[in-house]
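*Asks:* What follows is the file model.txt, containing compact mmCIF, C-alpha atoms and all ligand atoms:
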```txt
# COMPACT_ATOMS: atom_id res chain seq x y z
CA MET A 1 0.00 0.00 0.00
CA ALA A 2 1.23 3.46 -0.85
CA ALA A 3 1.62 5.84 2.11
CA SER A 4 -0.62 8.38 0.44
CA VAL A 5 -2.85 8.47 -2.60
CA THR A 6 -5.21 10.89 -4.27
CA CYS A 7 -8.79 10.13 -5.18
CA LYS A 8 -10.89 12.00 -7.75
CA LEU A 9 -13.87 11.59 -5.44
CA HIS A 10 -12.23 13.62 -2.70
CA PRO A 11 -10.29 16.16 -4.74
CA GLY A 12 -7.71 18.53 -3.34
CA HIS A 13 -6.84 16.42 -0.31
CA SER A 14 -4.45 13.51 -0.14
CA LEU A 15 -5.51 10.28 1.51
CA LYS A 16 -3.10 8.72 3.95
CA ARG A 17 -2.70 5.05 4.70
CA HIS A 18 -4.48 4.49 7.99
CA HIS A 19 -4.95 1.56 10.34
CA TYR A 20 -8.55 1.50 11.45
CA GLY A 21 -8.46 0.03 14.91
CA GLY A 22 -11.21 1.80 16.81
CA GLU A 23 -9.18 4.74 18.09
CA GLU A 24 -11.18 6.97 15.73
CA GLY A 25 -13.93 6.89 18.37
CA HIS A 26 -16.61 5.66 15.98
CA ALA A 27 -16.87 3.09 13.24
CA CYS A 28 -15.48 4.47 9.99
CA VAL A 29 -17.48 3.60 6.92
CA CYS A 30 -15.99 3.38 3.46
CA ALA A 31 -17.32 6.15 1.21
CA LEU A 32 -17.52 3.75 -1.74
CA CYS A 33 -19.04 0.54 -0.38
CA GLU A 34 -20.45 1.84 2.92
CA ARG A 35 -19.06 -1.11 4.82
CA ILE A 36 -17.13 -0.54 8.05
CA ILE A 37 -13.37 -0.42 7.60
CA ALA A 38 -11.34 -2.53 10.02
CA GLY A 39 -7.59 -2.71 9.54
CA ALA A 40 -5.85 -1.10 6.61
CA GLY A 41 -7.51 1.63 4.58
CA TYR A 42 -7.11 5.22 3.48
CA ARG A 43 -8.32 8.28 5.32
CA CYS A 44 -8.14 11.94 4.36
CA GLY A 45 -5.12 13.29 6.16
CA GLU A 46 -6.38 16.86 5.91
CA CYS A 47 -10.07 16.92 6.84
CA GLY A 48 -10.69 13.34 8.03
CA GLY A 49 -13.89 13.46 6.01
CA PHE A 50 -13.19 10.60 3.65
CA ASP A 51 -12.44 6.96 4.44
CA ALA A 52 -12.07 4.11 1.99
CA HIS A 53 -10.87 0.56 1.62
CA GLU A 54 -7.83 0.19 -0.61
CA ALA A 55 -9.73 -2.20 -2.91
CA CYS A 56 -12.60 0.25 -3.24
CA LEU A 57 -10.26 3.01 -4.41
CA SER A 58 -9.49 0.89 -7.45
CA LEU A 59 -13.10 0.80 -8.60
CA PRO A 60 -13.37 2.08 -12.18
CA MET A 61 -14.67 5.64 -12.57
CA ARG A 62 -16.87 4.67 -15.50
CA VAL A 63 -18.66 1.38 -16.05
CA ALA A 64 -21.09 -0.14 -18.48
CA PHE A 65 -23.92 -1.57 -16.41
CA VAL A 66 -26.44 -3.94 -17.94
CA GLY A 67 -29.07 -2.64 -15.56
CA HIS A 68 -28.83 0.71 -17.38
CA PRO A 69 -27.58 -0.16 -20.86
CA ALA A 70 -28.28 3.21 -22.51
CA HIS A 71 -25.39 5.06 -20.87
CA GLU A 72 -22.17 4.49 -18.99
CA LEU A 73 -22.37 5.20 -15.29
CA THR A 74 -19.87 7.45 -13.55
CA LEU A 75 -18.68 6.97 -10.00
CA SER A 76 -19.79 10.18 -8.29
CA LEU A 77 -19.68 11.78 -4.88
CA LEU A 78 -23.15 12.49 -3.57
CA THR A 79 -23.96 16.01 -2.47
CA ALA A 80 -27.44 15.04 -1.31
CA SER A 81 -29.20 11.82 -0.33
CA ARG A 82 -30.24 9.58 -3.21
CA TRP A 83 -31.96 6.23 -3.62
CA CYS A 84 -30.16 3.31 -5.21
CA ASP A 85 -32.23 2.12 -8.16
CA ALA A 86 -31.17 -1.48 -7.49
CA CYS A 87 -31.76 -1.97 -3.77
CA ARG A 88 -33.90 1.10 -2.96
CA VAL A 89 -31.72 1.98 0.01
CA ALA A 90 -30.71 5.63 0.29
CA SER A 91 -27.16 6.86 0.49
CA HIS A 92 -26.24 10.26 1.82
CA ALA A 93 -23.97 13.16 1.00
CA GLY A 94 -20.32 12.24 1.15
CA ARG A 95 -20.86 8.68 -0.09
CA CYS A 96 -20.25 7.55 -3.66
CA VAL A 97 -22.52 5.81 -6.12
CA TYR A 98 -22.49 5.07 -9.84
CA ARG A 99 -24.72 7.63 -11.55
CA CYS A 100 -26.26 8.51 -14.87
CA VAL A 101 -27.14 12.14 -14.28
CA ALA A 102 -29.10 12.46 -17.53
CA CYS A 103 -31.50 9.69 -16.51
CA ASP A 104 -31.37 10.25 -12.76
CA PHE A 105 -30.21 6.64 -12.36
CA ASP A 106 -28.11 5.70 -9.33
CA VAL A 107 -26.68 2.39 -8.20
CA HIS A 108 -24.38 1.51 -5.31
CA ALA A 109 -20.98 0.08 -6.19
CA ARG A 110 -21.93 -2.77 -3.85
CA CYS A 111 -25.05 -3.46 -5.91
CA THR A 112 -23.12 -3.94 -9.17
CA SER A 113 -21.12 -7.09 -8.29
CA LEU A 114 -17.89 -5.16 -8.82
CA LEU A 115 -17.06 -5.32 -5.14
CA ASP A 116 -17.89 -8.99 -4.84
CA GLY A 117 -15.33 -9.68 -7.55
CA GLU A 118 -12.75 -7.74 -5.57
CA GLN A 119 -13.44 -9.67 -2.42
CA GLN A 120 -13.43 -13.10 -3.98
CA HIS A 121 -10.16 -12.55 -5.74
CA GLY A 122 -8.43 -10.72 -2.95
CA ARG A 123 -5.09 -9.27 -3.89
CA LYS A 124 -5.10 -10.22 -7.55
CA ARG A 125 -6.41 -6.81 -8.47
CA GLY A 126 -5.94 -7.10 -12.23
CA VAL A 127 -7.81 -10.35 -12.29
CA ALA A 128 -10.41 -9.04 -9.89
CA ARG A 129 -11.07 -6.04 -12.12
CA ARG A 130 -11.74 -8.20 -15.16
CA VAL A 131 -13.81 -10.66 -13.18
CA GLY A 132 -15.62 -7.74 -11.62
CA MET A 133 -16.54 -6.30 -14.99
CA ALA A 134 -17.77 -9.67 -16.19
CA ALA A 135 -19.72 -10.06 -12.99
CA LEU A 136 -21.13 -6.59 -13.49
CA ARG A 137 -22.52 -7.46 -16.90
CA MET A 138 -24.05 -10.57 -15.39
CA GLY A 139 -24.97 -8.79 -12.17
CA LEU A 140 -28.02 -9.71 -10.22
CA PHE A 141 -29.83 -6.49 -11.03
CA GLY A 142 -28.89 -6.80 -14.67
CA LEU A 143 -30.19 -10.32 -14.85
CA ARG A 144 -33.42 -9.29 -13.26
CA VAL A 145 -33.83 -6.42 -15.70
CA ALA A 146 -32.92 -8.55 -18.70
CA ASP A 147 -35.34 -11.13 -17.41
CA ALA A 148 -38.12 -8.58 -17.32
CA VAL A 149 -37.28 -7.17 -20.75
CA THR A 150 -36.92 -10.43 -22.61
CA GLY A 151 -39.62 -12.30 -20.79
CA GLY A 152 -37.10 -14.54 -19.10
CA PHE A 153 -34.03 -16.50 -20.05
CA GLY A 154 -35.25 -19.59 -18.30
CA SER A 155 -31.81 -19.72 -16.75
CA PRO A 156 -31.43 -21.81 -13.63
CA VAL A 157 -28.83 -19.28 -12.50
CA ILE A 158 -31.45 -16.60 -12.12
CA GLU A 159 -33.68 -18.86 -10.12
CA VAL A 160 -30.86 -19.98 -7.90
CA ILE A 161 -29.79 -16.43 -7.16
CA GLU A 162 -33.30 -15.28 -6.47
CA THR A 163 -33.97 -18.20 -4.20
CA ALA A 164 -30.73 -17.73 -2.36
CA LEU A 165 -31.47 -14.09 -1.68
CA ASN A 166 -35.15 -14.73 -1.08
CA LEU A 167 -36.18 -12.02 -3.53
ZN ZN A 201 -15.10 -0.03 0.69
ZN ZN A 202 -10.29 15.83 3.05
ZN ZN A 203 -27.96 -0.39 -3.79
ZN ZN A 204 -28.78 7.13 -18.59
```
Please re-express this file's structure in structure tokens.
*Replies:*
Amino acid sequence: MAASVTCKLHPGHSLKRHHYGGEEGHACVCALCERIIAGAGYRCGECGGFDAHEACLSLPMRVAFVGHPAHELTLSLLTASRWCDACRVASHAGRCVYRCVACDFDVHARCTSLLDGEQQHGRKRGVARRVGMAALRMGLFGLRVADAVTGGFGSPVIEVIETALNL
């Protein structure tokens, strides 16, 4: 891990490698995936207002998402609360989501399968990125949308996923 990095989502400040061990006084949540950070991560060394997992900082800025095939989505910092169009859970200012501003479409990074690819493949970041993109195209939300549009693939994969998540 580099001692300090910059992130387009928190411009003007450098992020410093930080060990999240509880001495912050409250649980620190990653701005990109909104999961609690325990152990190594990056924190803004200037305002303390941005925390992120190392893996999450390598998320691509722009992605093609099958759940919104008309436009690429751009990873964006929220300035107001917005609903995720996949899970319907709101995120708040200071967090990051993938957005299509023109269509008012928002989706969490964690709802795209990109982050699951990162976790499953751990440190192999190059591999994880490619797997993540493949997973994104086949993402749960995308499958559900494609299913609705086409009238169903009849794929056992869709049924298995839906059963597993009790959707
Ligand atoms: Zn994260
Ligand atoms: Zn800052
Ligand atoms: Zn979501
Ligand atoms: Zn759009």
*Asks:* Hey, which bits of range 56-80 of chain A sit within 9 Å of range 8-15 of chain A, and for each residue what's the closest pair of atoms and how far apart in Å (one decimal), counting only C-alpha atoms, rows by chain and increasing number, as a tab-separated table?
*Replies:*
```
residue	atom	partner	partner_atom	distance
A:Met61	CA	A:Lys8	CA	8.8
A:Leu75	CA	A:Leu9	CA	8.1
A:Ser76	CA	A:Leu9	CA	6.7
A:Leu77	CA	A:Leu9	CA	5.8
```
*Asks:* Using all atoms listed in the file, which residues of the polymer chains come no farther than 9 Å from ligand ZN 201 (chain A)? I'd like the answer as a list in words.
*Replies:*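 Answer in the requested format: Val29, Cys30, Ala31, Leu32, Cys33, Glu34, Arg35, Ile36, Ile37, Gly41, Asp51, Ala52, His53, Glu54, Ala55, Cys56, Leu57, Arg110 and Leu115 of chain A.
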*Asks:* Using only C-alpha atoms and all ligand atoms, which of A:Gly67, A:Gly21, A:Gly94, A:Gly39 sits nearest ligand ZN 202 (chain A)?
*Replies:*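 Counting only C-alpha atoms and all ligand atoms, the residue closest to ligand ZN 202 (chain A) is A:Gly94.
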*Asks:* Taking only C-alpha atoms and all ligand atoms into account, which residues have an atom no farther than 12 Å from ligand ZN 203 (chain A)? I'd like them as a PyMOL selection string.
*Replies:* chain A and resi 32-34+82-91+96-99+105-113+140-141
*Asks:* Output the neighbourhood of ligand ZN 204 (chain A) as a PDB file with C-alpha atoms, in the coordinates of the input, that is, all protein and nucleic acid residues with some atom at most 8 Å from the ligand, counting all atoms listed in the file.
*Replies:*
```pdb
ATOM      1  CA  HIS A  68     -28.830   0.710 -17.380  1.00  0.00           C
ATOM      2  CA  PRO A  69     -27.580  -0.160 -20.860  1.00  0.00           C
ATOM      3  CA  ALA A  70     -28.280   3.210 -22.510  1.00  0.00           C
ATOM      4  CA  HIS A  71     -25.390   5.060 -20.870  1.00  0.00           C
ATOM      5  CA  GLU A  72     -22.170   4.490 -18.990  1.00  0.00           C
ATOM      6  CA  LEU A  73     -22.370   5.200 -15.290  1.00  0.00           C
ATOM      7  CA  CYS A 100     -26.260   8.510 -14.870  1.00  0.00           C
ATOM      8  CA  VAL A 101     -27.140  12.140 -14.280  1.00  0.00           C
ATOM      9  CA  ALA A 102     -29.100  12.460 -17.530  1.00  0.00           C
ATOM     10  CA  CYS A 103     -31.500   9.690 -16.510  1.00  0.00           C
ATOM     11  CA  ASP A 104     -31.370  10.250 -12.760  1.00  0.00           C
ATOM     12  CA  PHE A 105     -30.210   6.640 -12.360  1.00  0.00           C
TER      13      PHE A 105
END
```
*Asks:* Residues within 7 Å of ligand ZN 202 (chain A), counting all atoms listed in the file: report them as a tab-separated table (two decimals) with C-alpha atoms, in the frame of the given file.
*Replies:*
```
chain	number	residue	atom	x	y	z
A	10	HIS	CA	-12.23	13.62	-2.70
A	13	HIS	CA	-6.84	16.42	-0.31
A	44	CYS	CA	-8.14	11.94	4.36
A	45	GLY	CA	-5.12	13.29	6.16
A	46	GLU	CA	-6.38	16.86	5.91
A	47	CYS	CA	-10.07	16.92	6.84
A	48	GLY	CA	-10.69	13.34	8.03
A	49	GLY	CA	-13.89	13.46	6.01
A	50	PHE	CA	-13.19	10.60	3.65
```
*Asks:* Kindly give the distance, in Å, that separates CA of Ala3 in chain A and CA of Glu23 in chain A, rounded to a single decimal.
*Replies:*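 We find that CA of Ala3 in chain A and CA of Glu23 in chain A lie 19.3 Å from each other.
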